[in-house]
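*Asks:* Before I ask anything, let me first share the structure, which is written out below as structure tokens.
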Amino acid sequence: MDTAVNATFEVLSFSAIMVLVVVGLGIVASMMGIFNFAHGEFVLLGAYFTYLFHNHGVPVGLAMALAPLAVAVIGLFVERTVIRWFYARPLIAMLGTYALAVVIRETVRGLLSGLYHNVPAPLSGSFVVAGIAFAQWRVAIIVITILVIAASGALLTMTSFGLRVRASLENPALARASGISTGAIYATTFTFGVALAGLAGALVVPIFSLFADLGLRFLIQAFLAVMLGGVGTFAGPLVGAGVIGTLTSALPWIIPPVIADVTVYLVAIALMKALPSGIVRGGRRA
Amino acid sequence: MDGTEDRMSRINRRRFLTGAAWSSGALALGASGWVIPASTSWAASPIKVGIATDLSGALGFEGNADLNVAKLCADLINKSGGLLGRPVELYVEDTASNEAVAVSNVRKLIQRDHVDVVLGGITSSMRNAIKGPIVERGHTLYIYPQLYEGGECEQYIYCTGPTPSQQCDRLIPWLIKNGGKRFAFPSANYIWPHVLNKYARNLVQQGGGEVVFEEYYPIDQINYGATVNRIMAEKVDVVFNTVIPPGVGPFFKQLYEAGFLKRGGRLCCVYYDENDMSINAPHEIEGLASCLDYFQGVDKLDPGSAKIHAEYDAMFPHTKFLLTAGGASTGMYRGMMLWAEAVKEAGKVDRDSVAAALDHAKIAVAPGGPAEMVPGKRHCKMKMYIGVAKSGVFDIVESSNGLLDPKEC
């Protein structure tokens with residue numbers, strides 16, 4: 001019984017992290033059609049800025065709130081200078097963003113001297129309920145993720161800006177023809193997507209420690225999640241992140257971890273074979 | 001649609017050939033390593049020492065400390081007159097924590113630079129990758145300075161880091177006495193934990209303990225909820241950990257959050273040194289036991305170690321790479337100085353003469369204490385210390401009686 005509760009909590013907290021990481025990637029992939037291979041490195045940047053601000057005396061909670069803003073600034077700069085040349089050639093975007101990822105990752109590695117750094121959580125300690133310890137910070141991450149996703153959903157469905165974003169998500173060509181300024185929407189959306197990734201990095205850095213390869217680990221799983229969930233809607237990547245997050249964190253409880261790693265990919269491939277356009281069919285027609 | 005199609009068609013044959021010519025030129029010259037030369041005041045030709053270590057990648061923080069120690073040794077040797085009247089020159093190549101890159105970079109040391117000896121490699125997989133180009137095809141001596149799982153008995157390969165026998169023979173009985181009898185072996189999935197666990201399991205069972213479970217994880221795994229749950233549920237007393245960075249930080253943190261240390265559990269990690277302490281907060285690793293050939297606390301017990309540490313700090317005053325034993329820096333010191341002794345005894349630099357002298361070389365001053373090679377075994381006797389982490393600093397709780405035999409080959 002204890003094990004089941006622990007496992008469920010672990011699945012929930014890891015899936016929450018995956019959702020935060022994947023949402024930004026999914027939105028960019030749906031709207032602009034490019035897979036941003038540097039997305040994992042924006043997670044790393046969120047973690048790095050949290051560590052940097054904290055090292056300069058900023059309280060950790062505030063550092064975590066400021067880090068996504070710093071990442072958003074970098075994201076906007078990157079979008080205006082590098083990414084927007086790729087909108088016309090999505091295939092080259094994969095190489096270009098991969099190169100960008102290497103640049104960001106090795107720069108951070110140099111700044112960290114290749115070392116691993118610990119960042120304390122704003123809430124340490126555990127809630128003990130019926131003899132089972134739940135880490136307070138992991139609970140906080142689940143709550144923050146729910147709030148952020150709800151706020152993003154509300155932004156998309158209840159504002160006119162959100163309406164234009166959704167239009168560009170579903171059918172970019174028609175949106176452009178209808179007079180929606182897709183250039184400005186792309187820049188805003190990309191910035192928002194990487195800010196979410198930065199937030200994910202900031203929130204997880206107390207759990208996983210800061211090191212230069214932090215982003216790589218999330219990148220591959222984020223891609224699986226987006227492809228599985230379906231491109232073209234806001235909900236698709238969320239569902240994909242939930243599935244991949246659940247598989248990745250639940251399987252090691254049942255089967256040996258070395259096999260679990262491979263099994264996640266096998267299951268994902270099988271699911272994609274069964275549902276080729278993803279779990280949530282949004283239909284990207286461009 | 002817009003000007004993009006025009007731009008594509010302007011890539012014509014002339015531009016393609018120009019670009020190709022430049023790229024092949026760049027590739028031919030190679031993104032290469034570099035040389036640390038002796039000063040120009042030497043008349044004789046230098047003796048070339050190749051250093052092949054991880055200066056970038058996941059193990060960059062250990063490799064850079066190794067390179068610093070190599071520079072320190074070369075400096076000390078040259079200041080005291082060099083070897084056979086000749087200065088020592090370091091040829092450095094980055095193995096980048098990546099075996100494929102390492103092999104091609106190490107080949108440059110052998111074929112282009114013609115070094116007389118190569119020191120380096122941190123993980124066992126790296127050692128296995130680069131020993132071929134160095135020893136078999138390169139016919140060059142290779143000194144491996146890192147603690148490892150034992151079993152490297154090939155000719156012309158000399159190991160100056162601790163072996164499982166030196167690390168575990170006294171540590172496991174100490175753990176049973178100061179931790180408990182129920183052991184867990186959470187491990188990274190590569191060769192060192194597999195072989196070390198087999199050795200440790202024997203010792204645990206001989207001491208009356210039991211190994212509750214032994215599990216292997218992908219090297220980049222960072223989620224350990226299932227493992228932590230098992231450790232708590234099955235009432236494990238001692239976690240004999242061989243999970244390496246990046247997984248070790250989150251693993252220890254999750255263990256702490258689950259209350260393992262609070263209920264009296266003991267952590268043990270035989271590669272953990274002062275450089276690794278920045279990975280976790282001090283309260284998460286309180287009481288962690290490690291058995292290494294040197295801790296910074298040994299400076300108080302051994303004046304030779306204190307001197308070397310002071311020289312290191314003087315040469316590298318603001319470095320983030322500390323002189324520690326878990327990442328091959330102490331083994332690098334022993335390797336360089338034992339090799340220097342061997343060259344002096346042999347009077348020549350060719351491989352077989354130096355190998356014959358290195359076989360029984362000894363030095364009186366090294367981090368941790370004196371060191372001597374065991375004749376015929378190509379492994380090194382050294383003093384070992386059991387250190388326990390207390391508030392972020394290692395406290396020496398036990399020192400070995402004299403130099404311990406590596407018991408290899």
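Residues in the structure tokens are numbered from 1 in each chain, the chains being A, B, ... in the order shown, and ligands are numbered from 1 in the order shown.
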Each residue of chain B with at least one atom at most 6 Å from chain A should appear once, together with its nearest atom pair and the corresponding distance in Å (one decimal); atoms considered: only C-alpha atoms; ordering: chain, then increasing residue number; output as a Markdown table.
*Replies:*
| residue | atom | partner | partner_atom | distance |
| --- | --- | --- | --- | --- |
| B:Gly60 | CA | A:Gly114 | CA | 5.3 |
| B:Phe61 | CA | A:Gly114 | CA | 5.1 |
| B:Tyr217 | CA | A:Val258 | CA | 5.3 |
| B:Pro218 | CA | A:Val258 | CA | 5.8 |
| B:Ala226 | CA | A:Trp253 | CA | 5.1 |
| B:Pro250 | CA | A:Phe208 | CA | 4.9 |
| B:Ala258 | CA | A:Ala133 | CA | 6.0 |
| B:Ser278 | CA | A:His117 | CA | 5.5 |
| B:Ile279 | CA | A:His117 | CA | 5.0 |
| B:Asn280 | CA | A:Asn118 | CA | 5.4 |
*Asks:* Only C-alpha atoms, please: the residues just picked out, written as a compact mmCIF listing (two decimals), in the first residue's frame.
*Replies:*
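Okay, result.txt is ready:
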# COMPACT_ATOMS: atom_id res chain seq x y z
CA GLY B 60 35.66 17.45 -17.19
CA PHE B 61 35.90 18.45 -13.56
CA TYR B 217 20.59 1.80 -13.77
CA PRO B 218 21.36 3.64 -17.00
CA ALA B 226 11.65 3.13 -6.96
CA PRO B 250 19.35 13.24 -7.05
CA ALA B 258 12.69 9.62 2.49
CA SER B 278 29.33 20.29 -4.25
CA ILE B 279 26.75 17.93 -5.78
CA ASN B 280 24.72 17.58 -2.59
*Asks:* Excluding Lys377 of chain B and any residue of its chain fewer than 3 positions from it, enumerate the residues within 10 Å of it, using only C-alpha atoms, and give them as a compact mmCIF listing (two decimals) with C-alpha atoms, in the first residue's frame.
*Replies:*
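Result file selection.txt:
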# COMPACT_ATOMS: atom_id res chain seq x y z
CA GLU B 152 44.16 -4.88 -15.91
CA CYS B 153 47.21 -7.14 -16.24
CA GLU B 154 48.36 -6.32 -19.74
CA GLN B 155 52.05 -5.75 -20.24
CA TYR B 158 50.76 0.39 -15.10
CA CYS B 159 47.97 1.27 -12.65
CA ASP B 359 58.30 -2.39 -12.37
CA HIS B 360 59.86 -1.81 -8.94
CA MET B 373 55.08 -0.54 -7.42
CA VAL B 374 54.74 -4.27 -6.73
CA CYS B 380 50.92 0.19 -6.72
CA PRO B 406 46.86 -4.06 -4.31
CA LYS B 407 46.42 -7.85 -4.66
CA GLU B 408 46.05 -7.75 -8.43
CA CYS B 409 47.39 -9.96 -11.23
*Asks:* I'd like the contact shell of Leu301 of chain B - 10 Å cut-off, only C-alpha atoms, skipping same-chain residues fewer than 2 positions apart - returned as a list in words.
*Replies:*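 After dropping sequence-adjacent residues, the list is Gln296, Gly297, Val298, Asp299, Pro303, Gly304, Ser305, Ala306, Gly368, Gly369, Ile396 and Ser399 of chain B.
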*Asks:* Output C-alpha atoms for every residue in that selection, as a compact mmCIF listing (two decimals), in the first residue's frame.
*Replies:*
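Listed below is the output, part-v6.txt:
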# COMPACT_ATOMS: atom_id res chain seq x y z
CA GLN B 296 42.48 16.78 2.38
CA GLY B 297 42.35 15.94 6.09
CA VAL B 298 45.39 13.69 5.57
CA ASP B 299 47.51 16.85 5.29
CA PRO B 303 53.68 16.30 6.00
CA GLY B 304 54.55 15.13 2.47
CA SER B 305 50.88 15.38 1.47
CA ALA B 306 50.61 18.83 3.04
CA GLY B 368 48.56 10.14 1.12
CA GLY B 369 52.05 8.83 1.80
CA ILE B 396 39.62 10.60 8.80
CA SER B 399 44.34 5.02 8.48
*Asks:* For Thr81 of chain A, please output as a ChimeraX atom specification all residues within 12 Å (counting only C-alpha atoms; exclusion window: fewer than 5 positions along the same chain).
*Replies:* /A:74-76,86,96,100,187
*Asks:* So that I can check the secondary structure, give me every residue of segment 247-309 of chain B assigned helix (DSSP H, G or I) by backbone DSSP, as a ChimeraX atom specification.
*Replies:* /B:248-258,274-278,282-285,296-300,303-309
*Asks:* Tell me which protein, DNA and RNA residues are within 9 Å of Glu398 of chain B, counting only C-alpha atoms, leaving out same-chain ones fewer than 6 positions away, and put them as a list in words.
*Replies:*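 After dropping sequence-adjacent residues, the list is Met384, Tyr385, Ile386 and Gly387 of chain B.
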*Asks:* Using backbone DSSP assignments, extract all strand (DSSP E) residues from segment 45-226 of chain A; output them as a PyMOL selection string.
*Replies:* chain A and resi 126-129+132-135
*Asks:* Write a file of the selected residues as an mmCIF file, in the first residue's frame, keeping C-alpha atoms.
*Replies:*
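And here is the file that came out, again-v8.cif:
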data_model
loop_
_atom_site.group_PDB
_atom_site.id
_atom_site.type_symbol
_atom_site.label_atom_id
_atom_site.label_comp_id
_atom_site.auth_asym_id
_atom_site.auth_seq_id
_atom_site.Cartn_x
_atom_site.Cartn_y
_atom_site.Cartn_z
ATOM 1 C CA SER A 126 8.579 16.477 3.854
ATOM 2 C CA PHE A 127 4.907 16.240 4.733
ATOM 3 C CA VAL A 128 4.407 13.006 6.611
ATOM 4 C CA VAL A 129 0.931 11.626 5.998
ATOM 5 C CA ILE A 132 4.660 8.140 4.220
ATOM 6 C CA ALA A 133 6.991 11.044 3.524
ATOM 7 C CA PHE A 134 6.083 13.384 0.630
ATOM 8 C CA ALA A 135 8.811 15.865 -0.238
#
